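Enquirer: Structure file target_13.cif (mmCIF, C-alpha atoms) is given on the next line.
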```
data_model
loop_
_atom_site.label_atom_id
_atom_site.label_comp_id
_atom_site.auth_asym_id
_atom_site.auth_seq_id
_atom_site.Cartn_x
_atom_site.Cartn_y
_atom_site.Cartn_z
CA MET A 1 107.50 54.63 140.44
CA LEU A 2 106.11 56.22 137.28
CA THR A 3 105.89 60.01 137.19
CA ARG A 4 102.25 61.02 137.07
CA ARG A 5 100.27 64.26 137.31
CA GLN A 6 97.38 64.84 139.68
CA PHE A 7 94.24 66.42 138.30
CA LEU A 8 91.30 67.55 140.44
CA ILE A 9 87.79 67.98 139.13
CA GLY A 10 85.12 70.16 140.76
CA MET A 11 82.02 67.99 140.90
CA GLY A 12 79.25 70.40 142.00
CA ALA A 13 76.47 70.66 139.40
CA VAL A 14 78.90 69.19 136.94
CA ALA A 15 76.30 68.11 134.41
CA ALA A 16 75.50 71.76 133.68
CA SER A 17 79.02 73.10 133.92
CA THR A 18 81.82 73.54 131.41
CA LEU A 19 85.05 71.85 132.37
CA VAL A 20 88.67 72.58 131.64
CA SER A 21 90.33 70.02 129.41
CA LEU A 22 93.87 68.92 128.85
CA ALA A 23 94.81 68.00 125.31
CA CYS A 24 98.27 66.77 124.34
CA GLY A 25 99.68 68.31 127.52
CA LYS A 26 98.32 71.79 126.70
CA LYS A 27 95.73 73.42 128.95
CA THR A 28 92.70 74.58 126.92
CA ALA A 29 89.78 76.45 128.48
CA PHE A 30 86.45 76.46 126.72
CA SER A 31 86.00 80.13 125.85
CA ASN A 32 84.99 82.42 123.01
CA ALA A 33 87.22 81.99 119.99
CA ASN A 34 86.44 85.45 118.62
CA SER A 35 84.22 88.46 119.11
CA VAL A 36 81.10 86.71 117.80
CA GLY A 37 81.26 84.02 120.47
CA ALA A 38 82.34 80.93 118.48
CA VAL A 39 83.53 78.07 120.68
CA ILE A 40 86.81 76.32 119.96
CA PRO A 41 86.13 72.57 119.43
CA LEU A 42 88.04 70.18 121.64
CA ASP A 43 90.93 68.22 120.10
CA CYS A 44 89.96 64.57 120.64
CA ASP A 45 89.85 61.22 118.85
CA TRP A 46 86.55 59.96 120.17
CA VAL A 47 83.69 60.89 122.44
CA ILE A 48 81.23 58.77 124.38
CA GLU A 49 77.99 60.54 125.20
CA ASN A 50 74.60 59.76 126.71
CA VAL A 51 76.17 58.06 129.73
CA SER A 52 75.75 58.21 133.49
CA ILE A 53 79.25 59.02 134.72
CA ILE A 54 80.47 57.49 137.99
CA ASP A 55 83.93 58.95 138.34
CA GLY A 56 85.61 56.68 140.92
CA THR A 57 85.71 59.22 143.76
CA GLY A 58 82.51 58.07 145.44
CA SER A 59 80.63 61.16 144.27
CA LEU A 60 77.12 60.87 142.88
CA ALA A 61 76.59 59.82 139.27
CA TYR A 62 75.83 62.56 136.75
CA PRO A 63 74.88 62.67 133.06
CA GLY A 64 77.48 63.80 130.57
CA LYS A 65 80.03 62.81 127.99
CA VAL A 66 83.73 61.99 127.96
CA ALA A 67 86.35 62.82 125.32
CA VAL A 68 89.54 60.86 124.70
CA LYS A 69 92.73 61.79 122.85
CA GLY A 70 95.22 58.97 122.43
CA GLU A 71 95.38 57.16 125.77
CA ASN A 72 94.11 60.04 127.92
CA ILE A 73 90.79 61.54 128.89
CA VAL A 74 90.78 65.19 127.82
CA ALA A 75 87.34 66.41 128.87
CA VAL A 76 84.35 65.38 130.97
CA GLY A 77 80.87 66.86 131.19
CA ASP A 78 79.71 69.28 128.51
CA PHE A 79 81.96 70.44 125.66
CA VAL A 80 82.13 70.99 121.93
CA TYR A 81 84.01 68.49 119.77
CA PRO A 82 84.87 68.49 116.06
CA ALA A 83 82.67 66.73 113.51
CA THR A 84 85.60 64.44 112.64
CA SER A 85 85.64 62.82 116.10
CA LYS A 86 84.21 59.33 116.46
CA VAL A 87 81.05 59.43 118.58
CA ILE A 88 79.81 56.50 120.67
CA ASP A 89 76.26 56.44 122.01
CA GLY A 90 76.41 55.15 125.58
CA GLN A 91 72.68 54.36 125.51
CA GLY A 92 72.20 55.67 129.03
CA PHE A 93 74.51 53.04 130.56
CA VAL A 94 76.99 53.69 133.36
CA LEU A 95 80.52 54.77 132.43
CA ALA A 96 83.07 54.10 135.18
CA PRO A 97 86.85 53.95 135.53
CA GLY A 98 88.29 50.56 134.60
CA PHE A 99 88.28 48.26 137.60
CA ILE A 100 91.55 47.54 139.42
CA ASP A 101 92.06 44.06 140.85
CA ILE A 102 94.80 44.51 143.43
CA HIS A 103 95.03 40.87 144.50
CA THR A 104 95.50 38.19 141.85
CA HIS A 105 97.59 35.11 141.10
CA THR A 106 97.59 35.45 137.32
CA GLU A 107 101.25 36.12 136.52
CA ASP A 108 101.74 32.82 134.66
CA TYR A 109 98.48 33.26 132.75
CA VAL A 110 99.28 36.84 131.74
CA HIS A 111 102.76 35.78 130.65
CA SER A 112 101.31 32.98 128.49
CA GLY A 113 99.62 35.50 126.19
CA GLU A 114 96.26 33.74 126.41
CA SER A 115 92.90 35.50 126.05
CA MET A 116 92.01 37.89 128.85
CA ALA A 117 88.27 37.35 128.39
CA ALA A 118 87.77 36.32 132.02
CA VAL A 119 89.29 39.63 133.12
CA LEU A 120 88.04 42.12 130.53
CA SER A 121 84.49 40.72 130.67
CA GLN A 122 84.38 41.91 134.29
CA GLY A 123 85.43 45.45 133.40
CA VAL A 124 88.90 44.90 134.87
CA THR A 125 91.61 46.95 133.15
CA MET A 126 94.39 46.40 135.71
CA GLN A 127 95.63 43.53 137.82
CA ILE A 128 98.37 43.24 140.42
CA GLY A 129 100.06 39.85 140.64
CA GLY A 130 102.79 38.36 142.81
CA ASN A 131 100.61 38.12 145.91
CA CYS A 132 100.80 35.82 148.94
CA GLY A 133 104.57 35.54 148.77
CA ARG A 134 105.04 34.08 145.28
CA SER A 135 106.11 36.00 142.20
CA PRO A 136 108.66 36.02 139.41
CA LEU A 137 112.12 36.74 140.82
CA ASP A 138 113.30 38.64 137.74
CA ILE A 139 110.69 41.39 137.56
CA ALA A 140 112.27 43.20 134.63
CA GLY A 141 112.77 39.96 132.74
CA TYR A 142 109.15 39.01 133.25
CA PHE A 143 107.88 42.15 131.57
CA GLN A 144 110.52 42.08 128.83
CA THR A 145 109.43 38.59 127.73
CA LEU A 146 105.66 39.17 127.69
CA PRO A 147 104.21 38.27 124.26
CA HIS A 148 101.75 41.15 124.65
CA LEU A 149 99.90 42.94 127.41
CA ALA A 150 96.15 43.29 127.02
CA ILE A 151 95.58 44.93 130.42
CA ASN A 152 97.64 47.10 132.73
CA TYR A 153 99.69 44.86 135.00
CA GLY A 154 101.94 45.25 138.00
CA LEU A 155 103.80 42.85 140.30
CA LEU A 156 104.74 42.53 143.92
CA ILE A 157 107.80 40.47 144.78
CA GLY A 158 107.15 37.53 147.08
CA TYR A 159 108.88 36.50 150.28
CA ALA A 160 108.88 32.81 149.30
CA THR A 161 110.45 33.69 145.97
CA LEU A 162 113.26 35.61 147.69
CA ARG A 163 113.89 32.97 150.33
CA GLU A 164 113.94 30.04 147.93
CA ALA A 165 116.29 31.91 145.59
CA VAL A 166 118.77 32.21 148.46
CA ILE A 167 118.41 29.01 150.53
CA GLY A 168 115.95 26.80 148.64
CA ARG A 169 112.85 25.06 150.02
CA VAL A 170 114.21 24.19 153.45
CA HIS A 171 112.82 24.18 156.96
CA GLY A 172 114.08 26.55 159.62
CA LYS A 173 114.75 30.21 160.15
CA THR A 174 116.73 32.40 157.80
CA SER A 175 120.31 33.16 158.82
CA PRO A 176 121.56 36.75 158.99
CA ALA A 177 123.72 36.13 155.93
CA ALA A 178 120.77 34.74 153.97
CA LEU A 179 118.58 37.64 155.05
CA SER A 180 121.18 40.07 153.75
CA LYS A 181 121.12 38.36 150.35
CA MET A 182 117.32 38.41 150.36
CA GLN A 183 117.43 42.15 151.01
CA GLU A 184 119.74 42.58 148.03
CA LYS A 185 117.42 40.62 145.74
CA LEU A 186 114.42 42.51 147.09
CA ALA A 187 116.09 45.83 146.33
CA ALA A 188 116.88 44.64 142.81
CA GLY A 189 113.24 43.66 142.29
CA LEU A 190 112.01 47.01 143.56
CA GLN A 191 114.48 48.81 141.30
CA SER A 192 113.07 46.79 138.39
CA GLY A 193 109.52 47.94 139.12
CA ALA A 194 108.07 45.69 141.83
CA LEU A 195 105.42 47.58 143.79
CA GLY A 196 106.27 46.09 147.16
CA LEU A 197 106.72 42.88 149.14
CA SER A 198 104.07 40.18 149.56
CA THR A 199 103.87 37.36 152.07
CA GLY A 200 101.76 34.24 152.58
CA LEU A 201 102.74 33.42 156.13
CA GLU A 202 100.36 30.46 156.49
CA TYR A 203 102.29 28.53 153.85
CA PHE A 204 105.59 26.62 153.84
CA PRO A 205 108.31 27.85 153.89
CA GLN A 206 107.00 31.33 154.69
CA ASN A 207 105.73 30.16 158.07
CA TYR A 208 109.39 30.20 159.19
CA ALA A 209 109.72 33.94 158.63
CA THR A 210 110.19 35.84 161.87
CA THR A 211 108.61 39.19 162.62
CA GLU A 212 112.07 40.76 162.89
CA GLU A 213 113.06 39.36 159.51
CA LEU A 214 109.94 40.79 157.89
CA ILE A 215 110.57 44.19 159.44
CA ALA A 216 114.10 44.14 158.02
CA LEU A 217 112.77 43.36 154.56
CA CYS A 218 110.02 45.96 154.82
CA GLU A 219 112.61 48.60 155.68
CA VAL A 220 114.05 47.99 152.21
CA VAL A 221 110.58 48.33 150.69
CA LYS A 222 110.15 51.62 152.53
CA GLU A 223 113.26 53.01 150.84
CA TYR A 224 111.66 52.47 147.43
CA GLY A 225 108.22 53.83 148.31
CA GLY A 226 106.50 50.45 148.15
CA PHE A 227 104.00 48.72 150.42
CA TYR A 228 103.67 45.46 152.34
CA ALA A 229 100.87 43.12 151.17
CA THR A 230 100.30 40.27 153.56
CA HIS A 231 98.33 37.06 153.74
CA ILE A 232 98.69 37.03 157.51
CA ARG A 233 100.09 34.15 159.56
CA SER A 234 96.63 32.78 160.39
CA GLU A 235 93.19 33.58 159.01
CA TYR A 236 91.54 31.19 161.44
CA ASP A 237 92.04 30.50 165.15
CA ALA A 238 95.05 32.81 165.55
CA VAL A 239 93.72 35.57 163.29
CA LEU A 240 93.91 38.32 165.92
CA PRO A 241 97.59 37.91 166.88
CA ALA A 242 98.40 37.40 163.19
CA LEU A 243 96.81 40.74 162.32
CA GLU A 244 98.57 42.37 165.25
CA GLU A 245 101.88 41.15 163.83
CA ALA A 246 101.10 42.70 160.44
CA ILE A 247 100.23 46.00 162.11
CA GLN A 248 103.45 45.99 164.13
CA ILE A 249 105.52 45.27 161.02
CA GLY A 250 103.94 48.26 159.30
CA ILE A 251 104.49 50.53 162.30
CA LYS A 252 108.10 49.52 162.95
CA ALA A 253 109.13 49.61 159.27
CA ASN A 254 107.03 52.75 158.74
CA LEU A 255 105.42 51.69 155.47
CA PRO A 256 101.87 51.13 154.15
CA VAL A 257 100.21 47.75 154.77
CA GLN A 258 97.71 45.96 152.55
CA TYR A 259 95.92 43.26 154.55
CA SER A 260 95.02 40.62 151.96
CA HIS A 261 91.53 39.05 151.71
CA ILE A 262 90.24 39.95 155.15
CA LYS A 263 88.36 37.16 156.91
CA ALA A 264 87.83 35.21 160.12
CA GLY A 265 87.69 31.62 158.91
CA TYR A 266 85.58 28.83 160.43
CA GLN A 267 82.34 29.41 162.27
CA ARG A 268 84.01 29.31 165.70
CA ASN A 269 86.00 32.41 164.68
CA TRP A 270 83.19 34.46 163.13
CA PRO A 271 82.59 36.38 166.40
CA LYS A 272 86.17 37.70 166.13
CA PHE A 273 85.41 39.74 163.02
CA PRO A 274 84.27 42.92 164.82
CA LYS A 275 87.60 42.86 166.68
CA ILE A 276 89.45 42.60 163.36
CA ILE A 277 87.64 45.71 162.16
CA GLU A 278 88.38 47.47 165.46
CA MET A 279 92.08 46.64 165.14
CA LEU A 280 92.18 48.07 161.61
CA GLU A 281 90.50 51.26 162.76
CA GLU A 282 92.81 51.66 165.75
CA ALA A 283 95.89 51.08 163.60
CA LYS A 284 94.66 53.72 161.16
CA LYS A 285 94.04 56.18 164.00
CA SER A 286 97.57 55.55 165.30
CA GLY A 287 98.96 56.77 161.97
CA LEU A 288 99.53 53.53 160.06
CA ASP A 289 98.51 53.62 156.41
CA ILE A 290 96.59 50.34 156.38
CA THR A 291 93.84 49.05 154.10
CA SER A 292 92.45 45.64 153.24
CA ASP A 293 90.77 43.87 150.35
CA VAL A 294 87.92 41.38 150.23
CA TYR A 295 86.21 39.12 147.69
CA PRO A 296 82.39 38.74 147.59
CA TYR A 297 82.19 35.02 148.35
CA THR A 298 81.80 33.11 151.59
CA TYR A 299 84.21 30.36 150.64
CA SER A 300 87.92 30.41 149.85
CA SER A 301 90.00 28.26 147.52
CA THR A 302 90.89 26.10 150.54
CA ASP A 303 87.21 25.40 151.12
CA LEU A 304 86.82 24.00 147.60
CA GLY A 305 88.37 20.71 148.63
CA ILE A 306 85.62 20.05 151.19
CA LYS A 307 82.61 18.04 149.96
CA PRO A 308 79.92 19.07 150.46
CA LEU A 309 81.08 22.68 150.29
CA ARG A 310 81.07 24.27 153.74
CA PRO A 311 81.84 28.00 153.60
CA SER A 312 84.41 29.17 156.12
CA ILE A 313 83.35 32.84 155.93
CA SER A 314 80.05 34.18 157.22
CA GLU A 315 77.79 36.19 154.91
CA GLU A 316 77.35 38.77 157.66
CA ASN A 317 81.08 39.33 158.07
CA MET A 318 81.62 39.49 154.32
CA LEU A 319 78.94 42.18 154.01
CA ILE A 320 80.48 44.14 156.89
CA ALA A 321 83.81 44.08 155.07
CA VAL A 322 82.46 45.19 151.68
CA THR A 323 81.04 48.40 153.16
CA HIS A 324 83.90 49.36 155.48
CA PRO A 325 85.90 52.48 154.51
CA LEU A 326 89.25 50.72 155.03
CA VAL A 327 88.33 47.81 152.76
CA PHE A 328 88.17 47.75 148.97
CA TYR A 329 87.79 44.94 146.46
CA GLY A 330 90.08 42.26 145.03
CA SER A 331 89.44 38.82 143.60
CA ASP A 332 92.30 36.65 144.93
CA SER A 333 91.84 34.88 141.60
CA GLY A 334 93.98 32.44 139.71
CA LEU A 335 93.70 31.54 136.03
CA TYR A 336 95.18 28.55 134.27
CA SER A 337 95.79 27.28 130.76
CA GLY A 338 92.82 27.70 128.47
CA GLY A 339 91.10 30.07 130.87
CA ARG A 340 90.35 27.38 133.42
CA ALA A 341 89.53 28.54 136.94
CA SER A 342 88.97 26.62 140.18
CA HIS A 343 87.01 29.36 141.98
CA PRO A 344 84.24 31.49 140.42
CA ARG A 345 85.91 34.68 141.66
CA ALA A 346 88.27 34.53 138.66
CA TYR A 347 85.33 35.16 136.33
CA GLY A 348 82.76 36.81 138.56
CA THR A 349 84.15 39.04 141.32
CA PHE A 350 83.45 42.53 139.97
CA PRO A 351 80.07 41.88 138.30
CA ARG A 352 79.07 40.07 141.50
CA TYR A 353 79.76 43.25 143.44
CA LEU A 354 77.72 45.30 140.96
CA GLY A 355 74.85 42.84 140.69
CA TYR A 356 74.56 40.84 143.90
CA ILE A 357 76.14 43.16 146.49
CA VAL A 358 74.86 46.51 145.18
CA ARG A 359 71.68 45.85 143.20
CA GLU A 360 70.25 42.77 144.91
CA LYS A 361 71.47 43.17 148.50
CA ASN A 362 71.39 47.00 148.40
CA THR A 363 74.42 46.89 150.68
CA LEU A 364 75.99 50.16 149.55
CA PRO A 365 75.46 52.79 146.83
CA LEU A 366 76.79 52.00 143.37
CA GLU A 367 79.06 55.06 143.46
CA LYS A 368 80.76 53.85 146.65
CA ALA A 369 81.23 50.36 145.22
CA ILE A 370 82.79 51.77 142.05
CA ALA A 371 85.25 53.79 144.17
CA LYS A 372 86.25 50.55 145.91
CA MET A 373 86.99 49.04 142.48
CA SER A 374 88.90 51.99 141.07
CA GLY A 375 89.83 55.12 142.99
CA GLU A 376 90.67 53.44 146.28
CA PRO A 377 93.00 50.71 144.95
CA ALA A 378 94.61 53.34 142.69
CA LYS A 379 95.40 55.36 145.80
CA ARG A 380 97.01 52.33 147.48
CA LEU A 381 99.14 51.88 144.34
CA SER A 382 100.09 55.59 144.35
CA LEU A 383 98.68 56.00 140.84
CA LYS A 384 97.94 59.65 140.11
CA ASP A 385 96.48 59.19 136.63
CA ARG A 386 94.30 56.10 136.98
CA GLY A 387 91.24 55.06 138.94
CA GLN A 388 89.10 58.10 138.13
CA ILE A 389 87.31 59.70 135.20
CA GLY A 390 88.71 63.18 134.74
CA PRO A 391 90.86 65.27 132.39
CA GLY A 392 94.43 63.95 132.34
CA TYR A 393 93.56 60.47 133.57
CA LYS A 394 94.29 57.41 131.45
CA ALA A 395 91.28 56.29 129.41
CA ASP A 396 90.74 53.00 131.24
CA LEU A 397 86.96 52.88 131.04
CA VAL A 398 84.09 50.43 131.45
CA LEU A 399 80.55 50.82 130.13
CA PHE A 400 77.95 48.61 131.80
CA ASP A 401 74.24 48.10 132.29
CA ALA A 402 73.61 48.61 136.00
CA HIS A 403 70.26 46.81 135.73
CA GLU A 404 71.63 43.65 134.13
CA VAL A 405 75.28 43.22 135.15
CA ILE A 406 75.71 39.98 137.08
CA ASP A 407 78.17 37.13 137.61
CA LYS A 408 77.38 33.72 136.13
CA ALA A 409 80.31 31.65 137.40
CA THR A 410 79.39 29.19 140.15
CA PHE A 411 81.03 26.68 142.45
CA GLU A 412 80.04 23.89 140.03
CA HIS A 413 80.89 25.87 136.88
CA PRO A 414 83.56 28.44 137.76
CA SER A 415 84.67 29.40 134.24
CA VAL A 416 81.52 31.13 132.97
CA LEU A 417 81.65 34.71 131.71
CA SER A 418 79.65 37.40 133.46
CA GLU A 419 76.98 39.48 131.73
CA GLY A 420 76.21 43.17 131.49
CA ILE A 421 79.66 44.62 130.80
CA ARG A 422 79.13 46.25 127.40
CA GLN A 423 82.49 47.74 126.48
CA VAL A 424 85.92 48.14 128.05
CA TRP A 425 88.74 50.47 126.98
CA VAL A 426 92.37 50.04 128.03
CA ASN A 427 94.46 53.20 127.62
CA GLY A 428 91.98 54.57 125.12
CA GLN A 429 91.64 51.47 122.93
CA LEU A 430 88.54 49.29 122.85
CA ALA A 431 89.51 45.90 124.30
CA TRP A 432 86.13 44.26 125.02
CA SER A 433 82.86 44.81 123.19
CA GLU A 434 79.55 42.94 123.37
CA GLY A 435 80.98 39.66 124.58
CA LYS A 436 84.22 39.55 122.59
CA VAL A 437 87.89 40.29 123.21
CA LEU A 438 89.25 42.64 120.56
CA GLU A 439 92.83 42.88 119.33
CA ASN A 440 94.53 44.89 122.05
CA ASN A 441 98.14 45.42 122.97
CA LYS A 442 97.62 48.69 124.82
CA GLY A 443 98.14 47.39 128.34
CA GLN A 444 100.97 49.06 130.27
CA VAL A 445 103.36 47.98 132.99
CA ILE A 446 102.43 49.40 136.40
CA SER A 447 105.53 50.04 138.47
#
```
Let me see the file written as structure tokens.
Expert:
Amino acid sequence: MLTRRQFLIGMGAVAASTLVSLACGKKTAFSNANSVGAVIPLDCDWVIENVSIIDGTGSLAYPGKVAVKGENIVAVGDFVYPATSKVIDGQGFVLAPGFIDIHTHTEDYVHSGESMAAVLSQGVTMQIGGNCGRSPLDIAGYFQTLPHLAINYGLLIGYATLREAVIGRVHGKTSPAALSKMQEKLAAGLQSGALGLSTGLEYFPQNYATTEELIALCEVVKEYGGFYATHIRSEYDAVLPALEEAIQIGIKANLPVQYSHIKAGYQRNWPKFPKIIEMLEEAKKSGLDITSDVYPYTYSSTDLGIKPLRPSISEENMLIAVTHPLVFYGSDSGLYSGGRASHPRAYGTFPRYLGYIVREKNTLPLEKAIAKMSGEPAKRLSLKDRGQIGPGYKADLVLFDAHEVIDKATFEHPSVLSEGIRQVWVNGQLAWSEGKVLENNKGQVIS
């Protein structure tokens, strides 16, 4: 994992307070420069002011300004900056940490070097690929051959990828010898920067994986400080025993679990959703580090093949999930050549949360929703310098109009850009502005 520093910000009455900044690794307090009370200006490249800051912790928004030096935030709140610094007028919009999409299927698209408009236009500055059991096998080679990286990007290594590399696409259980080789390849992937192991146990050939085999693999992940991200064995009729299996794997291997795209599919299973939530809560109380992610749509990619469209997820259950403290947000999106998408979540997930879930449905406060897009997934990824706005954090930032932000992608037209995201910075560099992708190679590998 990357070495990162933890910075804590006192939030009480912050709009009227003077904060400590960190510039170029040197701690600088705002204090009198000499006996006549002159204030030492902050060393920074640019400042954004006249913004409502939502810092990613869930705390209330507050007015202020933010200063950036290089790729880091160096001050938040009220401070003095030199006349040579570039100043951006935030026009009273919301400034939030860049959004983190922890569940995507975009590794081929990212590797192609195509435009990241679908991602940046949502305020997303980081994605995690390699979910549901499929990923590149050569993690290091993947990143070494990227043409450029416009966003921050990390990968899980998939169970199907490991299995097929050892025994191919065959039916049947894995032999002890094959499992040993899979463990070796998993360790190599984790050494190369993979964040953990992913599974998609509903799909061939992953449906042949045994619980014992998965525990053995997760024990390797534990050694490298990673986590287990699982599309459980059934999201439909057998959803409860499937979730119980995921919980037991986490407990027996003693590692964190990320329960992918929580749902109880098909109307006959909707009454099971409160039990799913209860199981998550009980697992958490027992000591398991378990969280889940959800997308703000009532239909999955599997549902798209049904005409007319018949959503498999209830609106009520989806809204329960989006407010629960153990659930944060992910898109489960895929992107294809030319920016084509089959599901509107690839273009609309995060603005849909801001517009439909928060503003229109009034389901939860904006500050809590922002935390579920930034601070909470950053915690799952063990990132100490991303996911919040504060001195020392990376300058992944999104400026948006809380009154206008909304998704425009639909079931019929899934590849339509959202509206209301004004500007997006990735590691301190402007990457999206007023509807356009800018030249940006400042994305970093997350490992």
Enquirer: Go through the shown structure with the PyMOL selection byres ((chain A and resi 222-235) around 6) and write out the matching residues as a CSV table (one decimal) with C-alpha atoms, in the frame of the given file.
Expert:
```csv
chain,number,residue,atom,x,y,z
A,132,CYS,CA,100.8,35.8,148.9
A,195,LEU,CA,105.4,47.6,143.8
A,196,GLY,CA,106.3,46.1,147.2
A,197,LEU,CA,106.7,42.9,149.1
A,198,SER,CA,104.1,40.2,149.6
A,199,THR,CA,103.9,37.4,152.1
A,200,GLY,CA,101.8,34.2,152.6
A,201,LEU,CA,102.7,33.4,156.1
A,202,GLU,CA,100.4,30.5,156.5
A,219,GLU,CA,112.6,48.6,155.7
A,220,VAL,CA,114.0,48.0,152.2
A,221,VAL,CA,110.6,48.3,150.7
A,236,TYR,CA,91.5,31.2,161.4
A,238,ALA,CA,95.0,32.8,165.6
A,239,VAL,CA,93.7,35.6,163.3
A,242,ALA,CA,98.4,37.4,163.2
A,255,LEU,CA,105.4,51.7,155.5
A,256,PRO,CA,101.9,51.1,154.2
A,257,VAL,CA,100.2,47.8,154.8
A,258,GLN,CA,97.7,46.0,152.6
A,259,TYR,CA,95.9,43.3,154.6
A,260,SER,CA,95.0,40.6,152.0
A,264,ALA,CA,87.8,35.2,160.1
A,265,GLY,CA,87.7,31.6,158.9
```
Enquirer: Would you pick out the contacts of segment 88-103 of chain A at 7 Å or less, using all atoms listed in the file, so that residues sharing its chain but fewer than 2 positions from it are not included, and give the list as a VMD selection string?
Expert: chain A and resid 47 to 56 86 123 to 129 131 330 to 332 373 to 374 377 387 to 389 396 to 402
Enquirer: Around (78.6, 35.1, 131.1), as given in the file, which residues come within 12 Å? Count only C-alpha atoms and list them as JSON, numbers by chain.
Expert: {"A": [117, 118, 119, 120, 121, 122, 344, 347, 348, 351, 352, 404, 405, 406, 407, 408, 409, 410, 413, 414, 415, 416, 417, 418, 419, 420, 421, 422, 434, 435, 436]}
Enquirer: Hey, which of A:Leu381, A:Ser180, A:Ala216, A:Leu280 ends up closest to Ser447 of chain A? Count all atoms listed in the file.
Expert: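 For Ser447 of chain A, the nearest of the candidates is A:Leu381.
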Enquirer: Run the PyMOL selection byres ((chain A and resi 73) around 7) against the file shown and list the residues it catches, as a list in words.
Expert: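 Given this file, the PyMOL selection byres ((chain A and resi 73) around 7) evaluates to Ala67, Val68, Lys69, Asn72, Val74, Ala75, Gly390, Pro391, Gly392, Tyr393, Lys394 and Ala395 of chain A.
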Enquirer: Using atom CA of Ala140 of chain A and atom CA of Gly193 of chain A as the two end points, give the distance in Å to one decimal.
Expert: 7.1 Å
Enquirer: Would you mind telling me which residue in A:Leu146, A:Ala321, A:Leu155, A:Ala177 lies nearest to Ala369 of chain A when using all atoms listed in the file?
Expert: A:Ala321
Enquirer: What does the distance from atom CA of Glu212 of chain A to atom CA of Lys272 of chain A come to in Å, to one decimal?
Expert: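 Result for atom CA of Glu212 of chain A versus atom CA of Lys272 of chain A: 26.3 Å, one decimal.
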Enquirer: To test your reading of the syntax: which residues would the PyMOL selection byres ((chain A and resi 368) around 12) return for the file shown? Reply as an MDAnalysis selection string.
Expert: chainID A and resid 54:61 96 322:325 327:329 353:354 357:358 362:367 369:376
Enquirer: Write the residues of the selection above to a file with C-alpha atoms, as a PDB file, in the coordinates of the input.
Expert:
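Just written: out_37.pdb:
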```pdb
ATOM      1  CA  ILE A  54      80.470  57.490 137.990  1.00  0.00           C
ATOM      2  CA  ASP A  55      83.930  58.950 138.340  1.00  0.00           C
ATOM      3  CA  GLY A  56      85.610  56.680 140.920  1.00  0.00           C
ATOM      4  CA  THR A  57      85.710  59.220 143.760  1.00  0.00           C
ATOM      5  CA  GLY A  58      82.510  58.070 145.440  1.00  0.00           C
ATOM      6  CA  SER A  59      80.630  61.160 144.270  1.00  0.00           C
ATOM      7  CA  LEU A  60      77.120  60.870 142.880  1.00  0.00           C
ATOM      8  CA  ALA A  61      76.590  59.820 139.270  1.00  0.00           C
ATOM      9  CA  ALA A  96      83.070  54.100 135.180  1.00  0.00           C
ATOM     10  CA  VAL A 322      82.460  45.190 151.680  1.00  0.00           C
ATOM     11  CA  THR A 323      81.040  48.400 153.160  1.00  0.00           C
ATOM     12  CA  HIS A 324      83.900  49.360 155.480  1.00  0.00           C
ATOM     13  CA  PRO A 325      85.900  52.480 154.510  1.00  0.00           C
ATOM     14  CA  VAL A 327      88.330  47.810 152.760  1.00  0.00           C
ATOM     15  CA  PHE A 328      88.170  47.750 148.970  1.00  0.00           C
ATOM     16  CA  TYR A 329      87.790  44.940 146.460  1.00  0.00           C
ATOM     17  CA  TYR A 353      79.760  43.250 143.440  1.00  0.00           C
ATOM     18  CA  LEU A 354      77.720  45.300 140.960  1.00  0.00           C
ATOM     19  CA  ILE A 357      76.140  43.160 146.490  1.00  0.00           C
ATOM     20  CA  VAL A 358      74.860  46.510 145.180  1.00  0.00           C
ATOM     21  CA  ASN A 362      71.390  47.000 148.400  1.00  0.00           C
ATOM     22  CA  THR A 363      74.420  46.890 150.680  1.00  0.00           C
ATOM     23  CA  LEU A 364      75.990  50.160 149.550  1.00  0.00           C
ATOM     24  CA  PRO A 365      75.460  52.790 146.830  1.00  0.00           C
ATOM     25  CA  LEU A 366      76.790  52.000 143.370  1.00  0.00           C
ATOM     26  CA  GLU A 367      79.060  55.060 143.460  1.00  0.00           C
ATOM     27  CA  ALA A 369      81.230  50.360 145.220  1.00  0.00           C
ATOM     28  CA  ILE A 370      82.790  51.770 142.050  1.00  0.00           C
ATOM     29  CA  ALA A 371      85.250  53.790 144.170  1.00  0.00           C
ATOM     30  CA  LYS A 372      86.250  50.550 145.910  1.00  0.00           C
ATOM     31  CA  MET A 373      86.990  49.040 142.480  1.00  0.00           C
ATOM     32  CA  SER A 374      88.900  51.990 141.070  1.00  0.00           C
ATOM     33  CA  GLY A 375      89.830  55.120 142.990  1.00  0.00           C
ATOM     34  CA  GLU A 376      90.670  53.440 146.280  1.00  0.00           C
TER      35      GLU A 376
END
```
Enquirer: Would you work out the distance separating atom CA of Asn440 of chain A from atom CA of Ser342 of chain A, expressed in Å to one decimal?
Expert: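 Atom CA of Ser342 of chain A lies at a distance of 26.3 Å from atom CA of Asn440 of chain A.
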Enquirer: Give me the residues within 12 Å of Ile313 of chain A as an NGL selection string, counting only C-alpha atoms and dropping any in the same chain fewer than 4 places off.
Expert: :A and (235-236 or 261-273 or 294-303 or 309 or 317-321)
Enquirer: Measuring atom to atom with all atoms listed in the file, identify which of A:Ala341, A:Ile277, A:Ile251, A:Ala246 is nearest to Leu326 of chain A.
Expert: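 Counting all atoms listed in the file, the residue closest to Leu326 of chain A is A:Ile277.
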